[in-house]
Amino acid sequence: MASASERISSLDVFRGMTIAGMILVNCPGNDNPYPILAHAEWDGLTFADLIFPAFLVTMGVSLAVSLGRRMDQGERPFTVLAQAFRRSVIIFVLGLVVSAFMVPHLGVFRIPGVLQRIAICNFVCALLFLKTKPLTQALAALGLVTLYSVLTMLVPVPGFGAGELTPDGNLASYVDRLAFGNHMWAEGHDPEGLLSTLPAIATTLLGVFAGYRLRSKLRPGKEALDFLLAGALSLALGVICSHWIPINKNLWSSSFTLVTGGAALITLAVCHWIIESLQWRAWGLPFEVFGKNALASYFLSELFYGVQEFIHLPGRDENIKEWLCQTFFGFLSVPNAALAYSLIYLLFFLGVMGLLYRKRIFIKV
């Protein structure tokens with residue numbers, strides 16, 4: 001049986017895979033990457049759409065393992081929850097810092113965002129984990145997805161009516177317009193908006209349930225099989241649900257929640273089986289480098305990318321990113337140039353994080 005520290009290796013690798021995927025998808029060299037590496041414009045699913053839900057699942061697993069261990073060691077729940085709140089506030093603020101480099105002026109400064117959603121999901125799930133039983137958490141996950149679906153399908157939006165799932169006519173976008181005005185990712189809606197955070201919390205709770213399984217100290221092969229079966233069930237339910245409610249990342253629809261959560265659990269199962277059961281570890285080292293410094297990897301890569309877009313070269317109608325992509329990859333087709341830039345960018349940050357890894361420097365908040 002693997003020790004606790006060994007068992008987290010597969011989780012570090014899986015978390016690192018999601019961070020590498022985020023950098024690859026979020027940092028292209030131009031605005032025309034390969035479609036599979038771009039988010040679906042509205043309904044539909046691409047590889048890019050799978051990454052953020054997978055990260056939330058890994059966060060839920062880590063939360064259950066780490067907070068559960070601290071509770072086992074006798075720490076007071078209030079102390080643990082206070083630290084979780086502090087961590088969430090810091091992550092939220094870091095998200096606002098990233099947003100500051102993604103807009104031309106403060107009039108359209110984006111308030112929601114990836115790190116902001118991570119912060120909210122982290123705190124809510126920590127609260128549920130520390131203050132409720134697993135059954136209550138399961139009911140909460142089901143209730144959040146059900147409530148969100150009922151609201152979006154039955155509550156009428158002024159000027160559009162009820163059940164409208166278009167970019168402007170859906171309830172989630174309407175709530176975001178009321179709450180944030182122009183301070184969103186796009187005019188009219190935000191993929192990390194307020195109401196759609198409810199099912200994202202349910203996605204994180206899927207990871208919490210997997211974390212309970214890891215803490216039960218079963219054989220790694222049995223754990224991997226359980227993850228595989230749970231993921232397959234969630235995936236199947238999501239596909240069935242998609243006949244009534246489309247798979248949509250922008251809305252984080254119920255079908256999207258189930259399909260992407262299931263895909264994440266299946267991927268975790270494969271990683272867990274390969275690393276913990278078969279003991280094949282070497283392949284995962286680059287991902288472990290990212291996984292052990294996940295927050296720093298994501299924040300710094302997004303910040304540096306934002307700076308490149310923010311700063312325009314003197315006398316030129318292009319920013320630093322555009323100049324770099326054109327200078328080094330201009331001989332390639334547009335999508336190949338976008339991919340080449342993002343791959344080099346990914347390797348650059350692997351080197352940066354690799355230096356921290358070698359010095360055993362792991363940045364926590």
# chains A, B, ... in the order shown; residues from 1 in each chain; ligands from 1

$ residues_around --residues "Ala294 of chain A" --least-positions-apart "4" --cutoff "8 Å" --atoms "only C-alpha atoms" --output "ChimeraX atom specification"
/A:15-16,19,290,298

$ residues_around --residues "Pro158 of chain A" --least-positions-apart "4" --cutoff "9 Å" --atoms "only C-alpha atoms" --output "list in words"
Ala162, Gly169 and Tyr174 of chain A

$ write_last_selection --atoms "C-alpha atoms" --output "mmCIF file, in the first residue's frame"
data_model
loop_
_atom_site.group_PDB
_atom_site.id
_atom_site.type_symbol
_atom_site.label_atom_id
_atom_site.label_comp_id
_atom_site.auth_asym_id
_atom_site.auth_seq_id
_atom_site.Cartn_x
_atom_site.Cartn_y
_atom_site.Cartn_z
ATOM 1 C CA ALA A 162 -37.520 31.731 -19.773
ATOM 2 C CA GLY A 169 -30.731 35.751 -23.383
ATOM 3 C CA TYR A 174 -28.357 38.611 -17.280
#

$ residues_around --residues "Gln137 of chain A" --least-positions-apart "4" --cutoff "10 Å" --atoms "only C-alpha atoms" --output "MDAnalysis selection string"
chainID A and resid 125 128:129 131:133 141:143 202 205:206 208:209

$ closest_residue --among "A:Met71, A:Cys271, A:Leu295, A:Leu350" --to "Phe92 of chain A" --atoms "only C-alpha atoms"
A:Leu295

$ residues_around --residues "Val307 of chain A" --least-positions-apart "4" --cutoff "9 Å" --atoms "only C-alpha atoms" --output "PyMOL selection string"
chain A and resi 101-102+302-303+311+320-321

$ write_last_selection --atoms "N, CA and C atoms" --output "compact mmCIF listing (two decimals), in the first residue's frame"
# COMPACT_ATOMS: atom_id res chain seq x y z
N PHE A 101 -3.96 43.40 -16.37
CA PHE A 101 -3.11 43.41 -17.56
C PHE A 101 -3.84 42.88 -18.79
N MET A 102 -5.11 42.60 -18.66
CA MET A 102 -5.86 42.03 -19.76
C MET A 102 -6.83 43.01 -20.40
N GLU A 302 0.19 33.61 -16.58
CA GLU A 302 -0.87 34.53 -17.00
C GLU A 302 -0.41 35.98 -16.90
N LEU A 303 0.31 36.30 -15.82
CA LEU A 303 0.77 37.67 -15.62
C LEU A 303 1.77 38.07 -16.71
N ILE A 311 1.93 45.70 -23.25
CA ILE A 311 2.97 46.64 -23.68
C ILE A 311 3.10 46.62 -25.21
N ILE A 320 4.21 43.15 -27.61
CA ILE A 320 5.40 42.32 -27.53
C ILE A 320 5.11 40.89 -27.98
N LYS A 321 3.98 40.36 -27.57
CA LYS A 321 3.63 38.98 -27.95
C LYS A 321 3.51 38.84 -29.46

$ atom_distance --atom1 "atom CA of Leu300 of chain A" --atom2 "atom CA of Ser66 of chain A"
24.2 Å

$ residues_around --residues "Gly68 of chain A" --least-positions-apart "4" --cutoff "10 Å" --atoms "only C-alpha atoms" --output "ChimeraX atom specification"
/A:62-64,72-73,75,129-130,211-212,215

$ select_by_dssp --residues "segment 49-259 of chain A" --states "helix (DSSP H, G or I)" --output "PyMOL selection string"
chain A and resi 49-72+77-100+106-108+114-131+134-154+171-180+197-215+220-241+254-259

$ write_last_selection --atoms "C-alpha atoms" --output "short mmCIF file (atom, residue, chain, number, x, y, z; two decimals), in the first residue's frame"
data_model
loop_
_atom_site.label_atom_id
_atom_site.label_comp_id
_atom_site.auth_asym_id
_atom_site.auth_seq_id
_atom_site.Cartn_x
_atom_site.Cartn_y
_atom_site.Cartn_z
CA ASP A 49 -12.96 23.20 -22.30
CA LEU A 50 -11.89 20.14 -20.29
CA ILE A 51 -8.96 21.76 -18.53
CA PHE A 52 -10.47 24.18 -16.02
CA PRO A 53 -13.02 21.64 -14.69
CA ALA A 54 -10.17 19.12 -14.33
CA PHE A 55 -8.24 21.62 -12.23
CA LEU A 56 -11.25 22.19 -9.98
CA VAL A 57 -11.53 18.43 -9.49
CA THR A 58 -7.85 18.23 -8.49
CA MET A 59 -8.39 21.13 -6.10
CA GLY A 60 -11.27 19.27 -4.49
CA VAL A 61 -9.17 16.14 -4.09
CA SER A 62 -6.30 18.12 -2.55
CA LEU A 63 -8.69 19.92 -0.24
CA ALA A 64 -10.13 16.70 1.16
CA VAL A 65 -6.70 15.12 1.59
CA SER A 66 -4.93 18.12 3.14
CA LEU A 67 -7.75 19.42 5.35
CA GLY A 68 -8.63 15.90 6.40
CA ARG A 69 -5.04 15.27 7.44
CA ARG A 70 -4.96 18.49 9.45
CA MET A 71 -8.18 17.58 11.22
CA ASP A 72 -6.75 14.14 12.00
CA PRO A 77 -11.89 23.46 12.50
CA PHE A 78 -12.11 27.24 12.94
CA THR A 79 -8.33 27.61 12.51
CA VAL A 80 -8.36 25.46 9.37
CA LEU A 81 -11.35 27.35 7.94
CA ALA A 82 -9.77 30.73 8.71
CA GLN A 83 -6.67 29.72 6.78
CA ALA A 84 -8.83 28.52 3.88
CA PHE A 85 -10.57 31.89 3.86
CA ARG A 86 -7.24 33.73 3.87
CA ARG A 87 -6.00 31.57 1.00
CA SER A 88 -9.14 32.25 -1.01
CA VAL A 89 -8.88 36.01 -0.50
CA ILE A 90 -5.25 35.98 -1.70
CA ILE A 91 -6.14 33.92 -4.77
CA PHE A 92 -9.05 36.26 -5.56
CA VAL A 93 -6.78 39.31 -5.33
CA LEU A 94 -4.18 37.63 -7.55
CA GLY A 95 -6.95 37.09 -10.09
CA LEU A 96 -7.70 40.81 -10.06
CA VAL A 97 -4.00 41.53 -10.60
CA VAL A 98 -4.01 39.30 -13.70
CA SER A 99 -7.17 41.04 -14.94
CA ALA A 100 -5.43 44.42 -14.69
CA LEU A 106 -10.10 50.36 -15.94
CA GLY A 107 -13.51 51.15 -17.40
CA VAL A 108 -13.69 47.57 -18.66
CA VAL A 114 -10.40 31.93 -13.40
CA LEU A 115 -8.53 32.61 -10.15
CA GLN A 116 -11.57 34.38 -8.72
CA ARG A 117 -13.70 31.30 -9.40
CA ILE A 118 -11.02 29.06 -7.93
CA ALA A 119 -11.02 31.20 -4.77
CA ILE A 120 -14.79 30.98 -4.32
CA CYS A 121 -14.93 27.23 -4.98
CA ASN A 122 -12.02 26.65 -2.61
CA PHE A 123 -13.64 28.43 0.32
CA VAL A 124 -17.17 27.09 -0.16
CA CYS A 125 -15.92 23.50 -0.46
CA ALA A 126 -13.61 23.93 2.53
CA LEU A 127 -16.59 25.17 4.54
CA LEU A 128 -18.72 22.22 3.46
CA PHE A 129 -15.92 19.73 4.12
CA LEU A 130 -15.24 21.04 7.62
CA LYS A 131 -18.81 21.65 8.73
CA PRO A 134 -20.21 13.54 3.11
CA LEU A 135 -23.91 12.85 2.54
CA THR A 136 -24.71 16.54 3.03
CA GLN A 137 -21.92 17.45 0.62
CA ALA A 138 -23.31 15.03 -1.97
CA LEU A 139 -26.77 16.55 -1.57
CA ALA A 140 -25.23 20.01 -1.86
CA ALA A 141 -23.53 19.09 -5.15
CA LEU A 142 -26.76 17.63 -6.53
CA GLY A 143 -28.75 20.58 -5.20
CA LEU A 144 -26.43 23.18 -6.76
CA VAL A 145 -26.59 21.59 -10.20
CA THR A 146 -30.37 21.10 -9.97
CA LEU A 147 -31.00 24.61 -8.65
CA TYR A 148 -28.86 26.16 -11.38
CA SER A 149 -30.62 24.16 -14.09
CA VAL A 150 -34.07 25.06 -12.76
CA LEU A 151 -33.18 28.75 -12.51
CA THR A 152 -31.72 28.96 -16.02
CA MET A 153 -34.62 27.07 -17.59
CA LEU A 154 -37.58 28.54 -15.68
CA LEU A 171 -30.22 34.02 -16.96
CA ALA A 172 -26.54 33.68 -15.99
CA SER A 173 -25.49 36.40 -18.43
CA TYR A 174 -28.36 38.61 -17.28
CA VAL A 175 -27.26 38.27 -13.63
CA ASP A 176 -23.67 39.07 -14.61
CA ARG A 177 -24.76 42.19 -16.48
CA LEU A 178 -26.65 43.34 -13.39
CA ALA A 179 -23.77 42.53 -11.05
CA PHE A 180 -20.73 43.56 -13.09
CA THR A 197 -20.12 29.46 -10.18
CA LEU A 198 -22.80 27.34 -8.48
CA PRO A 199 -22.28 24.26 -10.70
CA ALA A 200 -18.51 24.92 -10.63
CA ILE A 201 -18.68 24.36 -6.88
CA ALA A 202 -20.36 21.02 -7.64
CA THR A 203 -17.45 20.18 -9.97
CA THR A 204 -15.04 20.83 -7.10
CA LEU A 205 -17.12 18.64 -4.80
CA LEU A 206 -16.64 15.74 -7.25
CA GLY A 207 -12.96 16.06 -6.43
CA VAL A 208 -13.72 16.18 -2.70
CA PHE A 209 -15.49 12.82 -2.98
CA ALA A 210 -12.45 11.39 -4.79
CA GLY A 211 -10.33 12.79 -1.97
CA TYR A 212 -12.41 10.86 0.56
CA ARG A 213 -11.61 7.73 -1.43
CA LEU A 214 -7.88 8.49 -1.35
CA ARG A 215 -8.03 8.95 2.42
CA PRO A 220 -4.20 2.09 -5.45
CA GLY A 221 -5.65 -0.23 -8.08
CA LYS A 222 -9.00 -0.32 -6.28
CA GLU A 223 -9.00 3.46 -5.92
CA ALA A 224 -8.25 3.89 -9.61
CA LEU A 225 -11.08 1.52 -10.51
CA ASP A 226 -13.50 3.47 -8.31
CA PHE A 227 -12.45 6.74 -9.96
CA LEU A 228 -12.88 5.15 -13.38
CA LEU A 229 -16.37 3.86 -12.63
CA ALA A 230 -17.50 7.14 -11.04
CA GLY A 231 -16.09 9.09 -13.96
CA ALA A 232 -17.76 6.86 -16.52
CA LEU A 233 -21.11 7.19 -14.72
CA SER A 234 -20.81 10.99 -14.54
CA LEU A 235 -19.81 11.15 -18.21
CA ALA A 236 -22.73 8.98 -19.29
CA LEU A 237 -25.23 11.02 -17.26
CA GLY A 238 -23.83 14.21 -18.77
CA VAL A 239 -24.26 12.90 -22.31
CA ILE A 240 -27.85 11.92 -21.53
CA CYS A 241 -28.52 15.31 -19.94
CA SER A 254 -25.34 20.75 -15.86
CA SER A 255 -24.38 18.53 -18.80
CA PHE A 256 -21.00 20.30 -18.98
CA THR A 257 -20.52 19.76 -15.24
CA LEU A 258 -21.17 16.03 -15.50
CA VAL A 259 -19.25 15.38 -18.73
#

$ select_by_dssp --residues "segment 99-340 of chain A" --states "strand (DSSP E or B)" --output "PyMOL selection string"
chain A and resi 157+161+186+189+248+312+319

$ closest_residue --among "A:Gly291, A:Asp12, A:Asn32, A:Arg219" --to "Trp273 of chain A" --atoms "only C-alpha atoms"
A:Arg219

$ atom_distance --atom1 "atom CA of Ala340 of chain A" --atom2 "atom CA of Ala264 of chain A"
26.3 Å

$ closest_residue --among "A:Asn250, A:Ile245, A:Pro314, A:Glu309" --to "Glu41 of chain A" --atoms "only C-alpha atoms"
A:Asn250

$ closest_residue --among "A:Phe328, A:Trp252, A:Phe362, A:Phe349" --to "Trp42 of chain A" --atoms "only C-alpha atoms"
A:Trp252
